[in-house]
Amino acid sequence: MSTETPLGVQPKTAPGAGRSGLVLPGILVLLGIYLGVGIITMEVPEGAKHPGPAFFPILITVAIFVLAALLALQLVRTPEPVPADPQGYRSYSDWKTVALVAAGFLAFALLLVPAGWLISATLLFWTVAFALGSKNRARDLGIAVVFASVIQLAFGAALGLNLPSGILEGLIG
Amino acid sequence: MESLNLLLEGFSQALTPMNLLWVFIGAFLGTAVGVLPGLGSSMAVALLLPMTFSLDPVGAFIMFAGVYFGGLFGDSTMGILMNTPGGSTAIATTFEGHRMAKDGRAPQALATSAIGAFIGGLIATTLVVFFAPKLAEIAVLFGPAEYFALAIFAFIATASVVSDSALKGLASLLLGLALAVVGIDGISGASRFTANVPQLFDGVSIIVITVGVLALGEVLHVASRIHRDQKLTAISVAGRPYLSRSEVREAIPAWLRGTAFGVPFGVIPVGGAEVPTFLAYGTERQLDRKRRFPKFGTGAIRGVAAPEAAGNATSGTAMGALLALGLPTSATAAIMLAAFQQYGLQPGPMLFERNADLVWALLASLFVGLVMLLVLNLPFAPLWAKLLLIPKPHLFAGITVFCGLGVYATGASVVDLLLVLAIGFIAFLMRRYGYPLAPVMIGVVLGPLAETSLRNALMSSGGELSILLGSGITITLYALLALMLGYTLWRRIASRRRQDV
């Protein structure tokens, strides 16, 4: 199976059932660590008045660790009820579709400057439509091209917004 | 009557053909975004912000006036027809609104909500016109300690009162606060949590966060369920929305009561219009129980009228709080604040003196926008409902492209695009595990205010903590907060006990 499973999500029968929510306290801990490292390595300019730039972040970081611990504790003691799923999927969320949409957006972000708005936005539109279950791929491509072009025209030409033209530089305004 | 003269001057500026066109475009697009599933007023403002970059400040804010209310008019349409509210403020309207629609009274429900939104917005905006200058005078009394108390009030109120689980609410709030501290520290000039990425020196833009949390998170959420949930179908609207005389008589008290709930909440920062809409809904339901023929549960017109009026009234006075105090009380107001700052304007007491023409033109356009929205929404509601016929894959594909456009257009930076994806993914996980999203926005919006006012207060007192409780205003605010927490706690225990019995 190519289904992406996040950390902590396990089959329903395992003891971890109903505890996949631990992923959020996990994110909080990671965030707390990032903030903690940032506080320690922060270069405070000389002569900065007290309380300085690290004061408020320290309060937040401490609170983040406390809450992550409380949330994790709550979840370990009382797991959340697993929603009944008559279709028999392994996880509640459809991770394949989520991953496809996210990958489409990532590709858009990375392609936007080198390939230009027209190509990257067309690709993004098409990928999301495909992931969400649109069947007619050729027609979708047409819609995607028209949609991206209209935005390029309306925002780029009429409103003067600077959208990268990428490899089509010179071909389009 | 000085306000009236100034307002008339504002109207003379707002009523030029070009500016009328901007209000119209704003109102039109705002309604369109509001009608789309999952996207409310704040999304409308965030996604349409880039459109205004090439306009002059007056034109831009006039267009915003239309977008601002437009999103609110639109988001209840979805809720009434499909039982999926466009934004959190439309949830309360949905209960009775959808029942009315199932009962074959969809046009009446749409009309009640449109007129309610109009009345709420109209009364609130009128109050703003007369009292915003007064509010600006009071605002001068507010020092750092008072602003800090106000921010704390907003934090705790949204995180614990509004959300079901106080722990989850607080976790959401902290995520927002953490996002808000990234960037160059305004007081000392130290670079914080930027990992030496130059694009982060200015902090994470409010647009990136709003689009990530509210729009991209929603798209991912839809993606995670679209192949598994049953398809929702919209109830079709036949006939023009109108209200009979008896229906109007039935709705009028509810519209007015809803407005009364909404008005104060525009100035109190508890995360936007969610609280007043539910309060208005709850009050109507309790009043209804005492009537001889209770109508709630079968599509009560009052259950639609009150929350809708409350929601728009809150947004109206929120604009007053933003202009006069510089205090953003909702995500939408925060984006407006960002827009002001983009033009080098700082909302607050001074704005009324320095940029009076702009302020009054904006207030006048709020009125113009409301009238236009009533015209756009009342007879044409069935047309707006046609937007729901767009196939979901294409609808969300379009929204995703607009997310990319909005984010890239504000900063022209690829780093922002990667950030919005990360934030969107975390927001999706939060949605999945029942974490409320409003506290994130409040943390981001009021975080900087809380930090600077706390540090300024402590600096001026030389580190004495007692300054935070040093004035009547701060003590009142903390006392109010304690009362509110006590009431929430009591209500939760009471409802739990009732369940046990």
# chains A, B, ... in the order shown; residues from 1 in each chain; ligands from 1
>>> residues_around(residues="Gly299 of chain B", least_positions_apart="3", cutoff="6 Å", atoms="only C-alpha atoms", output="ChimeraX atom specification")
/B:96,99-100
>>> write_last_selection(atoms="N, CA and C atoms", output="tab-separated table (two decimals), in the first residue's frame")
chain	number	residue	atom	x	y	z
B	96	GLU	N	-31.93	26.38	12.19
B	96	GLU	CA	-33.32	26.59	11.79
B	96	GLU	C	-33.41	26.88	10.29
B	99	ARG	N	-33.71	23.76	8.29
B	99	ARG	CA	-35.04	23.16	8.50
B	99	ARG	C	-36.09	23.88	7.68
B	100	MET	N	-35.98	25.22	7.63
B	100	MET	CA	-36.92	25.98	6.81
B	100	MET	C	-36.80	25.57	5.35
>>> select_by_dssp(residues="segment 52-151 of chain A", states="helix (DSSP H, G or I)", output="PyMOL selection string")
chain A and resi 55-77+95-115+117-131+137-151
>>> closest_residue(among="B:Glu137, B:Glu250, B:Asp75, B:Asp229", to="Met350 of chain B", atoms="only C-alpha atoms")
B:Glu137
>>> closest_residue(among="A:Ile151, A:Ser91, A:Pro51, A:Val101", to="Ala457 of chain B", atoms="only C-alpha atoms")
A:Pro51
>>> interface_residues(of="chain B", to="chain A", cutoff="6 Å", atoms="only C-alpha atoms", output="JSON list (two decimals) with N, CA and C atoms, in the first residue's frame")
[["chain", "number", "residue", "atom", "x", "y", "z"],
["B", 188, "SER", "N", 13.56, 45.58, 20.39],
["B", 188, "SER", "CA", 15.01, 45.52, 20.53],
["B", 188, "SER", "C", 15.73, 45.34, 19.20],
["B", 190, "ALA", "N", 16.13, 42.47, 17.74],
["B", 190, "ALA", "CA", 16.71, 41.14, 17.65],
["B", 190, "ALA", "C", 15.94, 40.30, 16.64],
["B", 193, "PHE", "N", 13.70, 33.51, 15.76],
["B", 193, "PHE", "CA", 13.17, 32.28, 15.14],
["B", 193, "PHE", "C", 13.08, 32.37, 13.61],
["B", 220, "LEU", "N", -7.66, 20.53, 2.27],
["B", 220, "LEU", "CA", -7.09, 19.24, 2.65],
["B", 220, "LEU", "C", -8.12, 18.41, 3.43],
["B", 223, "ALA", "N", -10.40, 16.98, 1.01],
["B", 223, "ALA", "CA", -9.71, 15.89, 0.31],
["B", 223, "ALA", "C", -9.71, 14.62, 1.14],
["B", 224, "SER", "N", -9.59, 14.78, 2.47],
["B", 224, "SER", "CA", -9.48, 13.59, 3.31],
["B", 224, "SER", "C", -10.80, 12.84, 3.44],
["B", 393, "PRO", "N", -14.78, 18.86, -7.35],
["B", 393, "PRO", "CA", -13.36, 18.84, -7.72],
["B", 393, "PRO", "C", -12.90, 20.15, -8.35],
["B", 394, "HIS", "N", -13.72, 20.72, -9.23],
["B", 394, "HIS", "CA", -13.31, 21.95, -9.89],
["B", 394, "HIS", "C", -13.37, 23.14, -8.94],
["B", 397, "ALA", "N", -10.38, 22.87, -6.71],
["B", 397, "ALA", "CA", -9.18, 23.12, -7.51],
["B", 397, "ALA", "C", -9.02, 24.63, -7.70],
["B", 417, "LEU", "N", 4.87, 30.35, 0.07],
["B", 417, "LEU", "CA", 4.07, 29.25, -0.47],
["B", 417, "LEU", "C", 4.34, 27.96, 0.30],
["B", 455, "ARG", "N", 5.59, 44.16, 27.58],
["B", 455, "ARG", "CA", 6.98, 44.58, 27.78],
["B", 455, "ARG", "C", 7.07, 46.08, 28.08]]
>>> residues_around(residues="Trp255 of chain B", least_positions_apart="6", cutoff="7 Å", atoms="only C-alpha atoms", output="compact mmCIF listing (two decimals) with N, CA and C atoms, in the first residue's frame")
# COMPACT_ATOMS: atom_id res chain seq x y z
N GLY B 116 -31.87 40.35 7.74
CA GLY B 116 -31.25 40.39 9.06
C GLY B 116 -29.84 40.92 9.01
N ALA B 305 -33.33 34.81 11.83
CA ALA B 305 -33.23 36.27 11.87
C ALA B 305 -32.21 36.75 12.90
N ALA B 306 -32.29 36.21 14.13
CA ALA B 306 -31.47 36.76 15.21
C ALA B 306 -29.97 36.54 14.99
N ALA B 309 -28.53 38.76 12.14
CA ALA B 309 -28.41 40.17 12.51
C ALA B 309 -27.24 40.36 13.48
>>> closest_residue(among="B:Leu485, B:Leu167, B:Val401, B:Val371", to="Leu73 of chain A", atoms="only C-alpha atoms")
B:Leu167
>>> select_by_dssp(residues="segment 104-241 of chain B", states="strand (DSSP E)", output="VMD selection string")
chain B and resid 183 to 184 191 to 192
>>> atom_distance(atom1="atom CA of Gly66 of chain B", atom2="atom CA of Met43 of chain B")
13.7 Å
>>> atom_distance(atom1="atom CA of Ser160 of chain B", atom2="atom CA of Pro439 of chain B")
9.2 Å
>>> atom_distance(atom1="atom CA of Ser149 of chain A", atom2="atom CA of Gly404 of chain B")
14.6 Å
